[in-house]
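Visitor: Supplied in C-alpha coordinates, the structure appears directly below.
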Amino acid sequence: MENTSCFMPAHILLPDASVPLEQWGCIACDQFTSDRAYWERAAAAAAGGPSALDLILPEVYLNDGDLAARVDTIHQKMETYDREVLTRAVDGYVYVERTLQSGRVRQGLVGRVDLEAYNYHRGSLSPIRPSENTVEERIPPRMAVRRGARLETPHVMMLADDPDGTLIEPIGAQKAKLRPLYEGELMLGGGHVAGWAVEDPALLARIEAAMTALGSAATFRARYPGAPNKRPLALAVGDGNHSLATAKAYWEELKPTLSPEQRANHPARWCLAEVCNVRSDAVEIEPIHRVLFNTSYETVLLNLVTWSDENMAGVRFGDEYEQKMQLIGVQEECTLSFENPTAPLGVGTVDEFVEYFLENHPEARVDYVHDEAAVRAFSAEKGAVGLLLPPLQKSDLFRGVVLGGVLPRKTFSMGHAEEKRYYIECRRIAEQGSPR
(Lines give C-alpha, C1' and ligand atoms only; values in the text may rest on other atoms or scores of the structure.)
Protein backbone atom coordinates (compact mmCIF):
# COMPACT_ATOMS: atom_id res chain seq x y z
CA MET A 1 0.00 0.00 0.00
CA GLU A 2 1.35 3.45 -0.95
CA ASN A 3 1.14 5.94 1.90
CA THR A 4 -0.04 9.49 1.37
CA SER A 5 0.23 10.74 4.96
CA CYS A 6 3.23 11.82 7.05
CA PHE A 7 2.82 8.93 9.52
CA MET A 8 3.28 5.40 8.25
CA PRO A 9 4.16 1.78 9.12
CA ALA A 10 7.73 0.81 9.97
CA HIS A 11 9.99 -2.19 10.42
CA ILE A 12 10.09 -2.02 14.22
CA LEU A 13 12.58 -4.04 16.25
CA LEU A 14 12.05 -5.42 19.76
CA PRO A 15 14.31 -7.30 22.17
CA ASP A 16 14.00 -11.04 22.63
CA ALA A 17 10.98 -12.01 24.73
CA SER A 18 13.33 -13.32 27.44
CA VAL A 19 14.58 -9.79 28.22
CA PRO A 20 12.59 -8.40 31.20
CA LEU A 21 10.66 -5.25 30.31
CA GLU A 22 11.61 -3.61 33.62
CA GLN A 23 15.26 -4.06 32.70
CA TRP A 24 14.95 -3.07 29.03
CA GLY A 25 12.76 0.06 28.99
CA CYS A 26 14.13 3.29 30.45
CA ILE A 27 12.88 6.86 30.68
CA ALA A 28 13.59 9.70 28.24
CA CYS A 29 17.13 11.08 28.27
CA ASP A 30 15.96 14.63 29.05
CA GLN A 31 14.30 13.76 32.37
CA PHE A 32 15.91 14.10 35.82
CA THR A 33 18.68 16.21 34.28
CA SER A 34 19.88 17.36 37.71
CA ASP A 35 19.38 14.05 39.49
CA ARG A 36 22.37 11.75 39.04
CA ALA A 37 21.03 9.47 41.72
CA TYR A 38 18.05 8.61 39.51
CA TRP A 39 20.29 7.54 36.63
CA GLU A 40 22.52 5.59 38.99
CA ARG A 41 19.42 3.69 40.15
CA ALA A 42 18.46 3.17 36.50
CA ALA A 43 21.89 1.69 35.78
CA ALA A 44 21.47 -0.66 38.74
CA ALA A 45 18.02 -1.72 37.48
CA ALA A 46 19.48 -2.43 34.03
CA ALA A 47 22.59 -4.22 35.28
CA GLY A 48 23.16 -7.82 34.28
CA GLY A 49 21.45 -7.75 30.92
CA PRO A 50 20.64 -5.76 27.80
CA SER A 51 18.81 -2.46 28.27
CA ALA A 52 17.72 0.48 26.13
CA LEU A 53 19.68 2.53 28.67
CA ASP A 54 22.80 1.41 26.80
CA LEU A 55 21.50 3.05 23.59
CA ILE A 56 20.96 6.59 24.90
CA LEU A 57 22.92 9.45 26.45
CA PRO A 58 21.16 10.79 29.58
CA GLU A 59 21.55 14.56 29.54
CA VAL A 60 22.63 14.58 33.18
CA TYR A 61 26.04 13.50 31.84
CA LEU A 62 26.43 16.09 29.08
CA ASN A 63 28.94 18.20 30.97
CA ASP A 64 31.14 15.35 32.18
CA GLY A 65 33.78 15.85 29.49
CA ASP A 66 33.74 12.27 28.15
CA LEU A 67 31.06 12.73 25.49
CA ALA A 68 33.05 11.15 22.66
CA ALA A 69 33.80 8.01 24.67
CA ARG A 70 30.18 7.68 25.76
CA VAL A 71 28.95 8.05 22.19
CA ASP A 72 31.41 5.45 20.93
CA THR A 73 30.20 2.99 23.58
CA ILE A 74 26.57 3.66 22.60
CA HIS A 75 27.32 2.97 18.94
CA GLN A 76 29.10 -0.27 19.81
CA LYS A 77 26.11 -1.38 21.89
CA MET A 78 23.80 -0.62 18.98
CA GLU A 79 25.80 -2.90 16.69
CA THR A 80 25.79 -5.69 19.28
CA TYR A 81 22.11 -5.38 20.12
CA ASP A 82 21.12 -5.28 16.46
CA ARG A 83 22.89 -8.61 15.94
CA GLU A 84 22.13 -10.40 19.20
CA VAL A 85 19.27 -8.83 21.16
CA LEU A 86 16.69 -7.32 18.79
CA THR A 87 15.40 -10.64 17.53
CA ARG A 88 11.71 -9.74 17.07
CA ALA A 89 10.14 -7.43 14.49
CA VAL A 90 6.84 -5.82 13.55
CA ASP A 91 6.07 -4.68 10.02
CA GLY A 92 3.41 -2.12 10.71
CA TYR A 93 2.66 -0.23 13.91
CA VAL A 94 2.81 -0.99 17.62
CA TYR A 95 -0.39 -0.19 19.51
CA VAL A 96 0.56 0.90 23.05
CA GLU A 97 -1.39 1.23 26.28
CA ARG A 98 0.32 3.05 29.14
CA THR A 99 -1.29 3.16 32.58
CA LEU A 100 -0.68 6.54 34.21
CA GLN A 101 -0.53 7.53 37.87
CA SER A 102 -4.14 8.69 37.60
CA GLY A 103 -5.17 5.15 36.60
CA ARG A 104 -6.13 6.32 33.13
CA VAL A 105 -4.80 4.40 30.13
CA ARG A 106 -3.03 6.44 27.45
CA GLN A 107 -3.35 4.89 24.00
CA GLY A 108 -0.80 5.39 21.24
CA LEU A 109 0.47 4.13 17.91
CA VAL A 110 4.20 3.77 17.25
CA GLY A 111 5.18 4.25 13.61
CA ARG A 112 7.54 6.39 11.57
CA VAL A 113 7.06 10.07 10.73
CA ASP A 114 8.43 11.55 7.52
CA LEU A 115 11.09 14.16 8.29
CA GLU A 116 10.46 15.70 4.88
CA ALA A 117 7.06 16.72 6.28
CA TYR A 118 8.58 18.37 9.38
CA ASN A 119 10.31 21.68 10.03
CA TYR A 120 11.29 22.75 13.54
CA HIS A 121 11.80 26.44 12.80
CA ARG A 122 9.39 29.03 14.16
CA GLY A 123 6.56 29.78 11.76
CA SER A 124 6.82 26.40 10.05
CA LEU A 125 3.93 25.54 7.73
CA SER A 126 4.87 21.89 7.36
CA PRO A 127 2.33 19.10 8.08
CA ILE A 128 4.31 18.19 11.22
CA ARG A 129 5.16 21.18 13.40
CA PRO A 130 6.84 21.76 16.74
CA SER A 131 4.50 22.80 19.50
CA GLU A 132 7.20 24.85 21.25
CA ASN A 133 10.27 26.83 20.30
CA THR A 134 13.28 24.67 19.50
CA VAL A 135 16.49 25.65 21.30
CA GLU A 136 19.04 24.81 18.62
CA GLU A 137 21.90 24.76 21.15
CA ARG A 138 20.39 21.52 22.50
CA ILE A 139 20.79 19.71 19.18
CA PRO A 140 24.60 19.15 18.85
CA PRO A 141 25.01 16.65 21.75
CA ARG A 142 22.11 14.59 20.39
CA MET A 143 23.58 14.84 16.89
CA ALA A 144 26.76 13.27 18.23
CA VAL A 145 24.73 10.17 19.12
CA ARG A 146 22.61 10.04 15.96
CA ARG A 147 25.48 10.70 13.55
CA GLY A 148 26.86 7.26 12.75
CA ALA A 149 24.23 5.42 14.80
CA ARG A 150 22.92 2.05 13.67
CA LEU A 151 19.64 2.31 15.59
CA GLU A 152 17.16 4.79 16.96
CA THR A 153 14.80 4.30 19.88
CA PRO A 154 12.12 6.94 20.39
CA HIS A 155 10.77 9.00 23.24
CA VAL A 156 9.10 11.38 20.77
CA MET A 157 5.35 11.70 21.31
CA MET A 158 3.25 13.30 18.58
CA LEU A 159 -0.26 14.66 19.04
CA ALA A 160 -3.16 14.34 16.62
CA ASP A 161 -6.22 16.53 17.07
CA ASP A 162 -8.83 13.82 16.60
CA PRO A 163 -12.05 14.73 18.47
CA ASP A 164 -13.98 11.87 16.86
CA GLY A 165 -11.38 9.23 17.79
CA THR A 166 -10.83 7.93 14.25
CA LEU A 167 -7.11 7.10 14.34
CA ILE A 168 -6.10 5.20 17.48
CA GLU A 169 -9.26 4.26 19.34
CA PRO A 170 -10.56 1.84 16.63
CA ILE A 171 -7.28 -0.09 16.84
CA GLY A 172 -7.57 -0.33 20.62
CA ALA A 173 -11.08 -1.72 20.25
CA GLN A 174 -9.60 -4.67 18.33
CA LYS A 175 -6.56 -5.35 20.52
CA ALA A 176 -7.84 -8.83 21.44
CA LYS A 177 -7.20 -9.80 17.81
CA LEU A 178 -3.67 -8.37 17.73
CA ARG A 179 -0.38 -10.17 18.42
CA PRO A 180 0.86 -9.33 21.95
CA LEU A 181 4.41 -7.99 22.03
CA TYR A 182 5.17 -6.96 25.60
CA GLU A 183 3.49 -6.22 28.91
CA GLY A 184 4.79 -5.39 32.34
CA GLU A 185 6.08 -2.79 34.75
CA LEU A 186 8.64 -0.16 33.76
CA MET A 187 11.69 0.55 35.90
CA LEU A 188 11.72 2.96 38.82
CA GLY A 189 8.00 3.58 39.12
CA GLY A 190 7.31 4.06 35.43
CA GLY A 191 4.05 2.16 35.69
CA HIS A 192 2.43 -0.46 33.48
CA VAL A 193 2.77 -0.66 29.70
CA ALA A 194 1.63 -3.11 27.05
CA GLY A 195 2.12 -3.31 23.30
CA TRP A 196 0.52 -5.20 20.39
CA ALA A 197 1.53 -5.61 16.74
CA VAL A 198 -0.67 -3.92 14.12
CA GLU A 199 0.12 -5.67 10.84
CA ASP A 200 -3.24 -6.56 9.26
CA PRO A 201 -3.42 -4.77 5.86
CA ALA A 202 -7.02 -3.75 6.57
CA LEU A 203 -6.00 -2.04 9.83
CA LEU A 204 -3.00 -0.40 8.16
CA ALA A 205 -5.32 0.98 5.49
CA ARG A 206 -7.70 2.25 8.16
CA ILE A 207 -4.90 4.09 9.95
CA GLU A 208 -3.69 5.57 6.68
CA ALA A 209 -7.19 6.80 5.77
CA ALA A 210 -7.73 8.36 9.20
CA MET A 211 -4.35 10.09 9.18
CA THR A 212 -4.89 11.41 5.66
CA ALA A 213 -8.28 12.84 6.65
CA LEU A 214 -6.91 14.49 9.80
CA GLY A 215 -4.17 16.18 7.77
CA SER A 216 -6.40 17.24 4.87
CA ALA A 217 -6.97 20.81 3.71
CA ALA A 218 -10.73 20.39 4.18
CA THR A 219 -10.37 19.39 7.84
CA PHE A 220 -7.98 22.27 8.46
CA ARG A 221 -10.25 24.87 6.85
CA ALA A 222 -13.27 23.68 8.83
CA ARG A 223 -11.37 23.73 12.13
CA TYR A 224 -9.42 26.98 11.68
CA PRO A 225 -11.39 29.27 9.36
CA GLY A 226 -9.49 32.31 10.63
CA ALA A 227 -6.00 30.85 10.15
CA PRO A 228 -3.54 33.33 8.55
CA ASN A 229 -2.40 30.56 6.19
CA LYS A 230 -4.15 27.55 4.69
CA ARG A 231 -1.35 24.97 5.00
CA PRO A 232 -2.80 21.98 6.94
CA LEU A 233 -1.37 20.85 10.26
CA ALA A 234 -1.49 17.05 10.66
CA LEU A 235 0.63 16.40 13.78
CA ALA A 236 2.13 18.54 16.53
CA VAL A 237 5.09 17.47 18.63
CA GLY A 238 3.89 16.84 22.18
CA ASP A 239 7.13 15.63 23.76
CA GLY A 240 10.66 14.97 22.56
CA ASN A 241 10.78 18.10 20.40
CA HIS A 242 14.57 18.30 20.45
CA SER A 243 15.03 14.62 19.65
CA LEU A 244 12.84 15.00 16.57
CA ALA A 245 14.68 18.20 15.63
CA THR A 246 17.96 16.28 15.90
CA ALA A 247 16.67 13.58 13.56
CA LYS A 248 15.68 16.32 11.10
CA ALA A 249 19.04 18.08 11.39
CA TYR A 250 20.89 14.81 10.77
CA TRP A 251 18.72 14.02 7.75
CA GLU A 252 19.41 17.48 6.27
CA GLU A 253 23.13 16.91 6.85
CA LEU A 254 22.97 13.50 5.16
CA LYS A 255 20.81 14.44 2.16
CA PRO A 256 23.50 16.21 0.09
CA THR A 257 25.60 13.01 0.11
CA LEU A 258 22.78 10.90 -1.38
CA SER A 259 21.41 10.38 -4.87
CA PRO A 260 17.74 11.28 -5.55
CA GLU A 261 16.82 7.59 -5.35
CA GLN A 262 18.64 7.18 -2.05
CA ARG A 263 16.93 10.27 -0.63
CA ALA A 264 13.55 8.73 -1.38
CA ASN A 265 14.29 5.51 0.50
CA HIS A 266 17.07 6.07 3.03
CA PRO A 267 15.93 4.95 6.52
CA ALA A 268 17.25 8.14 8.14
CA ARG A 269 14.52 10.07 6.32
CA TRP A 270 12.07 8.86 8.97
CA CYS A 271 11.94 8.94 12.75
CA LEU A 272 10.14 6.48 14.99
CA ALA A 273 7.53 8.14 17.22
CA GLU A 274 4.35 7.45 19.16
CA VAL A 275 1.20 9.31 18.11
CA CYS A 276 -1.53 10.00 20.69
CA ASN A 277 -4.89 11.73 20.45
CA VAL A 278 -4.70 15.05 22.26
CA ARG A 279 -8.47 14.85 22.90
CA SER A 280 -8.13 11.63 24.92
CA ASP A 281 -8.99 11.94 28.61
CA ALA A 282 -5.74 10.10 29.39
CA VAL A 283 -3.56 12.70 27.62
CA GLU A 284 -2.92 15.22 30.36
CA ILE A 285 -1.87 18.67 29.20
CA GLU A 286 -0.80 20.70 32.20
CA PRO A 287 0.24 24.36 32.14
CA ILE A 288 3.75 25.33 33.18
CA HIS A 289 3.67 28.36 35.46
CA ARG A 290 6.24 31.16 35.85
CA VAL A 291 7.93 32.35 39.02
CA LEU A 292 9.94 35.59 39.13
CA PHE A 293 12.73 35.69 41.73
CA ASN A 294 14.66 38.58 43.28
CA THR A 295 11.71 40.94 43.04
CA SER A 296 8.51 41.88 44.88
CA TYR A 297 4.78 41.58 44.31
CA GLU A 298 4.40 45.36 44.12
CA THR A 299 7.21 45.73 41.57
CA VAL A 300 5.78 43.04 39.30
CA LEU A 301 2.25 44.46 39.51
CA LEU A 302 3.41 48.01 38.75
CA ASN A 303 5.47 46.82 35.77
CA LEU A 304 2.57 44.72 34.52
CA VAL A 305 0.26 47.75 34.47
CA THR A 306 2.91 49.85 32.72
CA TRP A 307 3.65 47.15 30.15
CA SER A 308 -0.03 46.56 29.40
CA ASP A 309 -0.61 50.27 28.85
CA GLU A 310 2.40 50.53 26.53
CA ASN A 311 1.36 47.46 24.54
CA MET A 312 -2.41 48.09 24.64
CA ALA A 313 -2.87 44.76 26.41
CA GLY A 314 -5.40 46.30 28.76
CA VAL A 315 -4.78 44.39 31.97
CA ARG A 316 -7.76 44.34 34.34
CA PHE A 317 -8.32 43.05 37.86
CA GLY A 318 -10.61 40.00 37.82
CA ASP A 319 -11.29 37.26 35.32
CA GLU A 320 -13.48 39.31 32.98
CA TYR A 321 -11.58 38.29 29.85
CA GLU A 322 -10.53 34.94 28.41
CA GLN A 323 -6.78 35.32 28.91
CA LYS A 324 -6.02 35.53 32.61
CA MET A 325 -3.52 34.66 35.31
CA GLN A 326 -3.09 34.86 39.07
CA LEU A 327 -0.36 37.01 40.55
CA ILE A 328 0.81 35.56 43.87
CA GLY A 329 3.03 37.16 46.50
CA VAL A 330 3.89 36.52 50.14
CA GLN A 331 0.54 37.61 51.53
CA GLU A 332 -1.11 39.01 48.44
CA GLU A 333 -2.89 37.51 45.48
CA CYS A 334 -5.05 38.79 42.64
CA THR A 335 -6.53 37.62 39.36
CA LEU A 336 -5.69 39.64 36.27
CA SER A 337 -6.99 39.36 32.71
CA PHE A 338 -6.05 40.91 29.38
CA GLU A 339 -8.65 42.79 27.37
CA ASN A 340 -6.43 43.02 24.27
CA PRO A 341 -3.93 40.16 24.51
CA THR A 342 -0.69 40.37 22.55
CA ALA A 343 -0.50 36.64 21.69
CA PRO A 344 -3.04 33.93 20.73
CA LEU A 345 -2.73 32.17 24.11
CA GLY A 346 -2.44 33.56 27.62
CA VAL A 347 0.96 31.97 28.16
CA GLY A 348 2.32 33.91 25.18
CA THR A 349 0.99 37.19 26.51
CA VAL A 350 2.46 36.45 29.95
CA ASP A 351 5.83 35.56 28.41
CA GLU A 352 5.95 38.86 26.51
CA PHE A 353 5.49 40.63 29.83
CA VAL A 354 8.14 38.45 31.52
CA GLU A 355 10.63 39.31 28.77
CA TYR A 356 9.87 43.01 29.26
CA PHE A 357 10.24 42.68 33.02
CA LEU A 358 13.61 40.92 32.86
CA GLU A 359 14.96 43.51 30.43
CA ASN A 360 14.06 46.24 32.91
CA HIS A 361 15.09 44.27 36.00
CA PRO A 362 18.32 42.40 35.23
CA GLU A 363 18.65 41.40 38.88
CA ALA A 364 15.54 39.23 38.55
CA ARG A 365 15.29 35.76 37.03
CA VAL A 366 12.47 33.48 35.90
CA ASP A 367 11.90 29.78 36.51
CA TYR A 368 9.30 27.45 35.00
CA VAL A 369 7.34 25.40 37.53
CA HIS A 370 4.85 22.61 36.76
CA ASP A 371 2.93 22.31 40.01
CA GLU A 372 0.61 24.97 41.48
CA ALA A 373 1.54 23.94 45.02
CA ALA A 374 5.22 24.49 44.22
CA VAL A 375 4.44 27.95 42.79
CA ARG A 376 2.59 28.87 45.97
CA ALA A 377 5.44 27.53 48.11
CA PHE A 378 7.98 29.67 46.25
CA SER A 379 5.71 32.72 46.41
CA ALA A 380 5.30 32.37 50.16
CA GLU A 381 8.94 33.38 50.52
CA LYS A 382 10.08 36.99 50.27
CA GLY A 383 11.55 37.84 46.88
CA ALA A 384 9.49 35.45 44.74
CA VAL A 385 6.32 36.21 42.78
CA GLY A 386 4.22 33.57 41.08
CA LEU A 387 2.43 33.96 37.73
CA LEU A 388 -0.09 31.15 37.88
CA LEU A 389 -1.63 30.22 34.53
CA PRO A 390 -5.10 28.66 34.14
CA PRO A 391 -5.61 25.13 32.80
CA LEU A 392 -4.69 24.82 29.12
CA GLN A 393 -7.57 23.72 26.94
CA LYS A 394 -6.55 20.90 24.62
CA SER A 395 -7.99 22.66 21.60
CA ASP A 396 -5.77 25.64 22.47
CA LEU A 397 -2.63 23.64 21.80
CA PHE A 398 -3.27 23.24 18.09
CA ARG A 399 -4.93 26.65 17.84
CA GLY A 400 -1.84 28.28 19.34
CA VAL A 401 0.45 26.55 16.85
CA VAL A 402 -1.79 27.48 13.89
CA LEU A 403 -2.34 31.12 14.87
CA GLY A 404 0.98 31.86 16.58
CA GLY A 405 3.38 29.73 14.54
CA VAL A 406 4.68 27.98 17.65
CA LEU A 407 3.84 27.99 21.35
CA PRO A 408 6.13 29.80 23.78
CA ARG A 409 8.86 27.83 25.47
CA LYS A 410 7.65 25.80 28.46
CA THR A 411 3.95 26.15 27.65
CA PHE A 412 2.76 22.72 28.77
CA SER A 413 3.80 19.36 30.14
CA MET A 414 2.38 15.97 29.22
CA GLY A 415 2.00 14.60 32.71
CA HIS A 416 4.65 13.84 35.31
CA ALA A 417 8.26 12.89 34.59
CA GLU A 418 7.67 9.15 35.16
CA GLU A 419 4.80 9.27 32.65
CA LYS A 420 7.02 10.28 29.73
CA ARG A 421 7.60 7.75 26.97
CA TYR A 422 10.10 5.02 27.85
CA TYR A 423 12.49 3.64 25.24
CA ILE A 424 11.24 0.22 24.13
CA GLU A 425 10.96 -0.09 20.32
CA CYS A 426 13.93 0.36 17.97
CA ARG A 427 14.43 0.95 14.24
CA ARG A 428 17.45 0.83 11.97
CA ILE A 429 18.52 4.19 10.56
CA ALA A 430 21.70 3.04 8.81
CA GLU A 431 21.27 2.00 5.20
CA GLN A 432 23.18 -1.28 5.24
CA GLY A 433 20.90 -4.22 5.84
CA SER A 434 17.87 -2.07 6.61
CA PRO A 435 14.57 -3.50 5.37
CA ARG A 436 13.26 0.06 4.91
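To be explicit about the labels: the chains of the C-alpha coordinates are called A, B, and onward in the order shown, and within each one the residues are counted from 1, while ligands get numbers from 1 in the order they are shown.
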Need to verify the contact set: Glu59 of chain A, 7 Å, only C-alpha atoms, exclusion of same-chain residues closer than 6 positions in sequence. Can you return it as a short mmCIF file (atom, residue, chain, number, x, y, z; two decimals) with N, CA and C atoms, in the first residue's frame?
Guide:
data_model
loop_
_atom_site.label_atom_id
_atom_site.label_comp_id
_atom_site.auth_asym_id
_atom_site.auth_seq_id
_atom_site.Cartn_x
_atom_site.Cartn_y
_atom_site.Cartn_z
N CYS A 29 15.81 10.58 27.88
CA CYS A 29 17.13 11.08 28.27
C CYS A 29 17.09 12.49 28.85
N ASP A 30 16.01 13.25 28.58
CA ASP A 30 15.96 14.63 29.05
C ASP A 30 15.14 14.79 30.33
N THR A 33 17.39 15.73 34.79
CA THR A 33 18.68 16.21 34.28
C THR A 33 19.58 16.76 35.39
#
Visitor: For segment 281-312 of chain A versus segment 104-123 of chain A, which residues have an atom no more than 8 Å away, and what is each residue's nearest atom pair and distance in Å rounded to one decimal, using only C-alpha atoms, chain-then-number order, as JSON lines?
Guide:
{"residue": "A:Asp281", "atom": "CA", "partner": "A:Arg104", "partner_atom": "CA", "distance": 7.8}
{"residue": "A:Ala282", "atom": "CA", "partner": "A:Arg106", "partner_atom": "CA", "distance": 4.9}
{"residue": "A:Val283", "atom": "CA", "partner": "A:Arg106", "partner_atom": "CA", "distance": 6.3}
Visitor: Skip Arg399 of chain A itself and residues of its chain fewer than 6 positions away, then list as an MDAnalysis selection string all residues within 12 Å of it, counting only C-alpha atoms.
Guide: chainID A and resid 131 161 220 223:228 233 236 343:345 392:393 405:407
Visitor: Between A:Asn360, A:Ala205, A:Met211, A:Gly386, which has the minimum distance to Thr335 of chain A (counting only C-alpha atoms)?
Guide: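 Between A:Asn360, A:Ala205, A:Met211, A:Gly386, the residue approaching Thr335 of chain A most closely is A:Gly386.
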Visitor: Could you find all residues in segment 177-424 of chain A that DSSP calls strand (DSSP E or B) from the backbone, and write them as a ChimeraX atom specification?
Guide: /A:179-186,191-198,235-239,270-277,285-287,289-293,315-317,323-328,333-338,365-369,384-388,407,412-414,423
